[in-house]
Amino acid sequence: MNKNFYVTTPIFYPTGVPHIGTAYNVFIADTLARYYRQKLGKENTFFLTGTDEHGANIAKAAEAQGKTPQEYVDEYAAKYQEVWQGVNLSHDYFIRTTDPRHEKFAQELIQKSFDNGDIYEGSYEGLYCESCEAYYTEADLVDGKCPNHPTKTPVFTKEKNYYFKLSKYQDFLLNLYAERPDFVQPAKWAAYVRGLVEAGLQDIPVTRANVKWGVPVPFDPEQTIYVWYDALPNYLSTLTFPEFQGYEEKFWPVANHVVGKDIIKFHAILWPAMLKSAGYEVPQHVLVHGFFTINGQKIGKSNNNAIDPRDLAAKYGNDVVRYALLSEFQVGNDGDFNIDRLKVKYEELANSWGNLLARVVHLANNKEVEISNTANVEPEFLTKLEDLAAKYTQHIEVKELFEALQTVGQITEWANKYIDEQKPWEKDKSPEDVALALNNLSVLLAKVNELYAPFLPESAAKATEALQKREKIILFPKIEDEAK
RNA sequence: CGCGGGGUAGAGCAGAGGCAGCUCGUCAGGCUCAUAACCUGAAGGUCGCACGUUCGAGUCGUGCCCCCGCAACCA
């Protein structure tokens, strides 16, 4: 069992602001981070997110707004941080790839691979559109014109750049997957990745000749480092920053990368190969999540459903937005989401957990019995509770967040049945029986609060406080539907 | 022959060889401590279609149908 835990989100490309889909990814990471902080201690857990700030698309977006690239990324990095703070994200650091310390690290990393002979000079050729600063294939063109610039004709261009010998690492990767079947989680994505690697790997270009907004290639300053050799190293570069002294030893390679299914190849194939090439250990796990649609539509500006997670949180609370997403689909699966589902989830919590808390506290106060006495819990009751808690732990440790939440649901369901059987409100119940039942339930609630804490941090804190103070609160108040 | 994901009760989702399951919704009861909450029971499915393997198939094999990604804003 590892003593330390390191979790990362991808670093996001700031061409827009975070929406509910982006938030899903960071919620998964945040939940894991909170779980491990609880388990291993704050100082033994590290949670990293950030922004990927180089590249032609950033330069273009900046120009379109009449800004320098630096001004542009400063602004968007700030927006990201604002949103994450707004949803109570608990990241320990926000890395930006324009941080000079990161740039230096990226240069050192690519230099190491170059020195090892894993990077060689080659050329890239294709139909180049000057306005897009991008290459197209014949099939991409519309009537011979650029698909994005109907007046421009992409011209055949050949540019020098450098390639990484990814093909060389096929056996290394297949061995890695064989030795560590859970390197990619969940299993169905591991199978997918293995299939891709078995099918064969091609070397990939890792520098660009025509992109100025990027990190210069140390062995050829005419070139800049292309996206992956700049972005992926953030997971490691941050750990080398002076304020994180000792972190590299502590948190590498116990890294867990939470990624969407679209960038699985880069994290599960390219990144381990890059690391191996440069003499580093590969990370512990790559956790792949699926995408969800909103009312059946893909999330995006054109569908006008790129919801700011803070808008939902304003009404339902941060906790419930996270809970709704994490309890709706298994990690790795796609799904659909909408406001009605969110409401259902909210009521689910209010009626099980919230209501249970209110019942127990209220009864305990009315009957004036002692609660929260762990020593007095009925042994059978305690055993059952511990069994369910253990089941939760098993799930969450293999990142089955959906299943872990279901297990907590089982506990509250059981508790509601138990309280109905015991009927501690009846007048002819012996005071001893009432005290025993309510004490059992209070200990159960304390456990539920603990298990929910990584998923619903704000609510769990409130519930814990209320239970301790024996104060009756409404954890999830009824939400009035706005008048139509 | 492009690649991949998916098609299980009205809705949303689990299950991956051995009597079809969960949440919500519906109907009928119960309870009254509690946030009109909670508990019990019922109705509702030929598990996309067909063929095959098997004592036995949502679950394995083959063929087919349908939906969704793989081009763009976009995780």
# chains A, B, ... in the order shown; residues from 1 in each chain; ligands from 1

$ residues_around --residues "B:C70" --least-positions-apart "6" --cutoff "12 Å" --atoms "only C-alpha atoms (C1' of nucleotides)" --output "PyMOL selection string"
(chain A and resi 261-262) or (chain B and resi 2-5)

$ write_last_selection --atoms "N, CA and C atoms (P, O5', C5', C4', C3', O3' and C1' of nucleotides)" --output "short mmCIF file (atom, residue, chain, number, x, y, z; two decimals), in the first residue's frame"
data_model
loop_
_atom_site.label_atom_id
_atom_site.label_comp_id
_atom_site.auth_asym_id
_atom_site.auth_seq_id
_atom_site.Cartn_x
_atom_site.Cartn_y
_atom_site.Cartn_z
N LYS A 261 -11.71 10.20 -22.35
CA LYS A 261 -11.38 9.13 -23.29
C LYS A 261 -10.72 9.66 -24.56
N ASP A 262 -10.85 10.94 -24.82
CA ASP A 262 -10.27 11.50 -26.04
C ASP A 262 -8.75 11.60 -25.98
P G B 2 -16.28 -0.39 -44.16
"O5'" G B 2 -15.46 -0.78 -42.81
"C5'" G B 2 -14.20 -1.41 -42.89
"C4'" G B 2 -13.14 -0.55 -42.24
"C3'" G B 2 -13.24 -0.42 -40.73
"O3'" G B 2 -12.65 -1.54 -40.09
"C1'" G B 2 -12.91 1.71 -41.66
P C B 3 -13.30 -2.16 -38.77
"O5'" C B 3 -12.85 -1.13 -37.66
"C5'" C B 3 -11.47 -0.92 -37.38
"C4'" C B 3 -11.32 0.09 -36.28
"C3'" C B 3 -12.27 -0.10 -35.10
"O3'" C B 3 -11.84 -1.13 -34.22
"C1'" C B 3 -12.29 2.16 -35.74
P G B 4 -12.96 -2.03 -33.50
"O5'" G B 4 -13.51 -1.05 -32.38
"C5'" G B 4 -12.63 -0.55 -31.39
"C4'" G B 4 -13.24 0.65 -30.72
"C3'" G B 4 -14.56 0.41 -30.02
"O3'" G B 4 -14.39 -0.22 -28.77
"C1'" G B 4 -14.70 2.40 -31.26
P G B 5 -15.59 -1.10 -28.16
"O5'" G B 5 -16.59 0.01 -27.66
"C5'" G B 5 -16.22 0.88 -26.59
"C4'" G B 5 -17.33 1.85 -26.31
"C3'" G B 5 -18.69 1.22 -26.07
"O3'" G B 5 -18.82 0.76 -24.73
"C1'" G B 5 -18.94 2.98 -27.60
#

$ residues_around --residues "B:A50" --least-positions-apart "3" --cutoff "12 Å" --atoms "only C-alpha atoms (C1' of nucleotides)" --output "list of chain:residue names"
B:U62, B:G63, B:C64, B:C65

$ select_by_dssp --residues "stretch 129-268 of chain A" --states "strand (DSSP E)" --output "PyMOL selection string"
chain A and resi 129+134-136+155-164+184-185+204-205+207-208+216-217+220-225+255-260

$ closest_atom_pairs --of "chain B" --to "chain A" --cutoff "6 Å" --atoms "only C-alpha atoms (C1' of nucleotides)" --output "Markdown table"
| residue | atom | partner | partner_atom | distance |
| --- | --- | --- | --- | --- |
| B:C33 | C1' | A:Trp425 | CA | 5.3 |
| B:A34 | C1' | A:Arg359 | CA | 4.4 |
| B:U35 | C1' | A:Asn355 | CA | 5.9 |
| B:C73 | C1' | A:Lys301 | CA | 5.8 |
| B:C74 | C1' | A:Gly300 | CA | 5.0 |
| B:A75 | C1' | A:Thr22 | CA | 5.4 |

$ write_last_selection --atoms "all heavy atoms" --output "short mmCIF file (atom, residue, chain, number, x, y, z; two decimals), in the first residue's frame"
data_model
loop_
_atom_site.label_atom_id
_atom_site.label_comp_id
_atom_site.auth_asym_id
_atom_site.auth_seq_id
_atom_site.Cartn_x
_atom_site.Cartn_y
_atom_site.Cartn_z
P C B 33 -45.05 11.26 16.05
OP1 C B 33 -45.22 10.84 17.45
OP2 C B 33 -45.89 12.33 15.49
"O5'" C B 33 -43.54 11.65 15.75
"C5'" C B 33 -42.63 11.89 16.82
"C4'" C B 33 -41.25 11.81 16.28
"O4'" C B 33 -40.92 10.44 15.96
"C3'" C B 33 -41.04 12.53 14.97
"O3'" C B 33 -40.88 13.90 15.21
"C2'" C B 33 -39.76 11.88 14.47
"O2'" C B 33 -38.65 12.42 15.14
"C1'" C B 33 -39.95 10.43 14.91
N1 C B 33 -40.41 9.55 13.83
C2 C B 33 -39.45 8.96 13.01
O2 C B 33 -38.26 9.21 13.22
N3 C B 33 -39.83 8.13 12.03
C4 C B 33 -41.13 7.89 11.83
N4 C B 33 -41.46 7.05 10.85
C5 C B 33 -42.14 8.48 12.65
C6 C B 33 -41.74 9.30 13.63
P A B 34 -41.44 14.95 14.20
OP1 A B 34 -41.26 16.29 14.81
OP2 A B 34 -42.77 14.53 13.72
"O5'" A B 34 -40.42 14.82 12.99
"C5'" A B 34 -39.05 15.20 13.17
"C4'" A B 34 -38.30 14.83 11.90
"O4'" A B 34 -38.42 13.42 11.70
"C3'" A B 34 -38.89 15.47 10.65
"O3'" A B 34 -38.21 16.69 10.41
"C2'" A B 34 -38.57 14.45 9.56
"O2'" A B 34 -37.29 14.65 9.02
"C1'" A B 34 -38.56 13.13 10.33
N9 A B 34 -39.79 12.35 10.17
C8 A B 34 -41.03 12.59 10.68
N7 A B 34 -41.93 11.68 10.37
C5 A B 34 -41.23 10.79 9.60
C6 A B 34 -41.60 9.59 8.95
N6 A B 34 -42.84 9.08 9.00
N1 A B 34 -40.65 8.94 8.24
C2 A B 34 -39.42 9.45 8.21
N3 A B 34 -38.94 10.56 8.78
C4 A B 34 -39.90 11.18 9.46
P U B 35 -39.04 17.98 9.97
OP1 U B 35 -38.35 19.11 10.56
OP2 U B 35 -40.48 17.77 10.20
"O5'" U B 35 -38.77 17.94 8.41
"C5'" U B 35 -39.36 18.93 7.57
"C4'" U B 35 -39.02 18.58 6.15
"O4'" U B 35 -37.60 18.54 6.00
"C3'" U B 35 -39.51 17.19 5.72
"O3'" U B 35 -40.51 17.40 4.72
"C2'" U B 35 -38.29 16.53 5.05
"O2'" U B 35 -38.59 16.12 3.73
"C1'" U B 35 -37.34 17.68 4.93
N1 U B 35 -35.90 17.39 4.91
C2 U B 35 -35.23 17.85 3.80
O2 U B 35 -35.80 18.45 2.88
N3 U B 35 -33.89 17.60 3.80
C4 U B 35 -33.16 16.96 4.76
O4 U B 35 -31.96 16.84 4.63
C5 U B 35 -33.93 16.51 5.88
C6 U B 35 -35.26 16.73 5.92
P C B 73 -12.00 23.29 -33.14
OP1 C B 73 -10.79 24.11 -33.22
OP2 C B 73 -11.91 21.87 -32.74
"O5'" C B 73 -13.04 24.03 -32.19
"C5'" C B 73 -13.22 25.43 -32.30
"C4'" C B 73 -14.41 25.86 -31.51
"O4'" C B 73 -15.62 25.41 -32.15
"C3'" C B 73 -14.55 25.24 -30.13
"O3'" C B 73 -13.69 25.89 -29.20
"C2'" C B 73 -16.01 25.51 -29.81
"O2'" C B 73 -16.16 26.83 -29.34
"C1'" C B 73 -16.66 25.37 -31.19
N1 C B 73 -17.40 24.10 -31.31
C2 C B 73 -18.77 24.14 -31.12
O2 C B 73 -19.30 25.24 -30.90
N3 C B 73 -19.49 22.99 -31.20
C4 C B 73 -18.87 21.84 -31.44
N4 C B 73 -19.61 20.75 -31.49
C5 C B 73 -17.45 21.77 -31.63
C6 C B 73 -16.76 22.91 -31.55
P C B 74 -12.68 25.05 -28.35
OP1 C B 74 -12.22 25.92 -27.26
OP2 C B 74 -11.72 24.42 -29.27
"O5'" C B 74 -13.58 23.89 -27.73
"C5'" C B 74 -14.37 24.11 -26.57
"C4'" C B 74 -15.17 22.86 -26.28
"O4'" C B 74 -15.82 22.44 -27.49
"C3'" C B 74 -14.33 21.66 -25.87
"O3'" C B 74 -14.12 21.68 -24.48
"C2'" C B 74 -15.24 20.50 -26.25
"O2'" C B 74 -16.23 20.28 -25.27
"C1'" C B 74 -15.93 21.02 -27.50
N1 C B 74 -15.33 20.54 -28.76
C2 C B 74 -15.92 19.41 -29.35
O2 C B 74 -16.87 18.87 -28.78
N3 C B 74 -15.43 18.96 -30.53
C4 C B 74 -14.40 19.58 -31.11
N4 C B 74 -13.96 19.10 -32.25
C5 C B 74 -13.78 20.72 -30.51
C6 C B 74 -14.27 21.16 -29.35
P A B 75 -12.65 21.49 -23.88
OP1 A B 75 -12.42 22.60 -22.96
OP2 A B 75 -11.71 21.24 -24.98
"O5'" A B 75 -12.79 20.16 -23.06
"C5'" A B 75 -11.69 19.69 -22.37
"C4'" A B 75 -11.82 18.19 -22.34
"O4'" A B 75 -12.97 17.84 -21.54
"C3'" A B 75 -12.10 17.60 -23.70
"O3'" A B 75 -10.92 17.36 -24.42
"C2'" A B 75 -12.87 16.32 -23.35
"O2'" A B 75 -11.99 15.29 -23.03
"C1'" A B 75 -13.61 16.73 -22.10
N9 A B 75 -15.01 17.07 -22.40
C8 A B 75 -15.52 18.19 -23.00
N7 A B 75 -16.83 18.19 -23.10
C5 A B 75 -17.20 17.00 -22.51
C6 A B 75 -18.45 16.40 -22.30
N6 A B 75 -19.60 16.96 -22.66
N1 A B 75 -18.48 15.20 -21.70
C2 A B 75 -17.33 14.64 -21.34
N3 A B 75 -16.09 15.12 -21.48
C4 A B 75 -16.10 16.30 -22.08
#

$ closest_residue --among "A:Leu342, A:Val408, A:Val398, A:Leu444" --to "A:Asn256" --atoms "only C-alpha atoms"
A:Val398

$ residues_around --residues "stretch 197-210 of chain A" --least-positions-apart "4" --cutoff "10 Å" --atoms "only C-alpha atoms (C1' of nucleotides)" --output "JSON list (two decimals) with C-alpha atoms, in the first residue's frame"
[["chain", "number", "residue", "atom", "x", "y", "z"],
["A", 55, "GLY", "CA", 0.42, 26.63, -29.45],
["A", 56, "ALA", "CA", -0.85, 28.16, -32.64],
["A", 110, "ILE", "CA", 13.09, 16.55, -24.57],
["A", 118, "ASP", "CA", 15.02, 8.78, -29.37],
["A", 119, "ILE", "CA", 14.44, 12.00, -31.24],
["A", 120, "TYR", "CA", 15.49, 12.39, -34.83],
["A", 121, "GLU", "CA", 15.19, 14.99, -37.53],
["A", 122, "GLY", "CA", 12.56, 14.46, -40.14],
["A", 123, "SER", "CA", 10.09, 16.42, -42.09],
["A", 124, "TYR", "CA", 6.41, 16.86, -42.21],
["A", 130, "GLU", "CA", -1.42, 29.82, -43.65],
["A", 133, "GLU", "CA", -1.34, 27.47, -39.40],
["A", 134, "ALA", "CA", -2.32, 23.86, -39.78],
["A", 159, "GLU", "CA", 8.71, 21.57, -43.03],
["A", 160, "LYS", "CA", 11.53, 20.25, -40.97],
["A", 161, "ASN", "CA", 10.72, 18.92, -37.57],
["A", 162, "TYR", "CA", 11.71, 16.28, -35.08],
["A", 163, "TYR", "CA", 10.15, 12.92, -34.42],
["A", 164, "PHE", "CA", 9.98, 10.83, -31.28],
["A", 165, "LYS", "CA", 10.68, 7.12, -31.75],
["A", 166, "LEU", "CA", 7.44, 5.94, -30.26],
["A", 167, "SER", "CA", 7.60, 2.74, -32.31],
["A", 168, "LYS", "CA", 10.65, 1.68, -30.34],
["A", 169, "TYR", "CA", 8.56, 1.42, -27.18],
["A", 170, "GLN", "CA", 5.94, -1.04, -28.35],
["A", 171, "ASP", "CA", 7.36, -3.97, -26.40],
["A", 173, "LEU", "CA", 4.39, -0.75, -23.34],
["A", 174, "LEU", "CA", 2.98, -4.22, -23.90],
["A", 192, "TYR", "CA", -8.69, -0.70, -25.83],
["A", 193, "VAL", "CA", -5.21, 0.69, -25.25],
["A", 214, "GLY", "CA", 5.84, 27.80, -27.76],
["A", 215, "VAL", "CA", 8.86, 26.55, -25.90],
["A", 216, "PRO", "CA", 12.04, 26.63, -28.01],
["A", 217, "VAL", "CA", 13.58, 23.25, -28.75],
["A", 220, "ASP", "CA", 17.33, 23.52, -32.41],
["A", 221, "PRO", "CA", 16.04, 26.92, -31.29],
["A", 222, "GLU", "CA", 14.40, 27.53, -34.66],
["A", 223, "GLN", "CA", 11.78, 25.03, -33.60],
["A", 224, "THR", "CA", 9.26, 24.99, -30.79],
["A", 225, "ILE", "CA", 8.11, 22.00, -28.79],
["A", 226, "TYR", "CA", 4.81, 20.67, -30.02],
["A", 227, "VAL", "CA", 1.92, 20.10, -27.68],
["A", 228, "TRP", "CA", 2.56, 16.74, -26.00],
["A", 229, "TYR", "CA", 6.22, 17.24, -25.06],
["A", 230, "ASP", "CA", 5.16, 20.52, -23.52],
["A", 265, "LYS", "CA", -3.64, 7.56, -26.19],
["A", 268, "ALA", "CA", -1.45, 5.66, -21.70],
["A", 269, "ILE", "CA", 0.88, 5.23, -24.68],
["A", 270, "LEU", "CA", 2.95, 8.31, -25.47]]

$ residues_around --residues "A:Leu287" --least-positions-apart "2" --cutoff "10 Å" --atoms "only C-alpha atoms (C1' of nucleotides)" --output "list in words"
Val7, Thr8, Thr9, Ile28, Ala29, Asp182, Phe183, Val184, Gln185, Pro186, Ala187, Trp189, Ala190, Asn256, His257, Val258, Val259, Gly260, Lys261, Ile264, His267, Ala268, Gln284, His285, His289, Val331, Gly332, Val398 and Lys399 of chain A

$ residues_around --residues "A:Ala390" --least-positions-apart "3" --cutoff "12 Å" --atoms "only C-alpha atoms (C1' of nucleotides)" --output "VMD selection string"
chain A and resid 383 to 387 393 to 397 404 407 to 408 411 447 451

$ residues_around --residues "A:Asn439" --least-positions-apart "5" --cutoff "8 Å" --atoms "only C-alpha atoms (C1' of nucleotides)" --output "ChimeraX atom specification"
/A:370-373,376-377

$ closest_residue --among "B:G17, B:G12, B:G44, B:G6" --to "B:G58" --atoms "only C-alpha atoms (C1' of nucleotides)"
B:G17

$ select_by_dssp --residues "stretch 91-222 of chain A" --states "alpha helix (DSSP H)" --output "ChimeraX atom specification"
/A:100-115,170-179,187-198

$ closest_residue --among "A:Tyr80, A:Glu458, A:Glu378, A:Leu239" --to "A:Asp433" --atoms "only C-alpha atoms"
A:Glu378

$ residues_around --residues "B:A28" --least-positions-apart "2" --cutoff "12 Å" --atoms "only C-alpha atoms (C1' of nucleotides)" --output "MDAnalysis selection string"
chainID B and resid 26 30 40:43
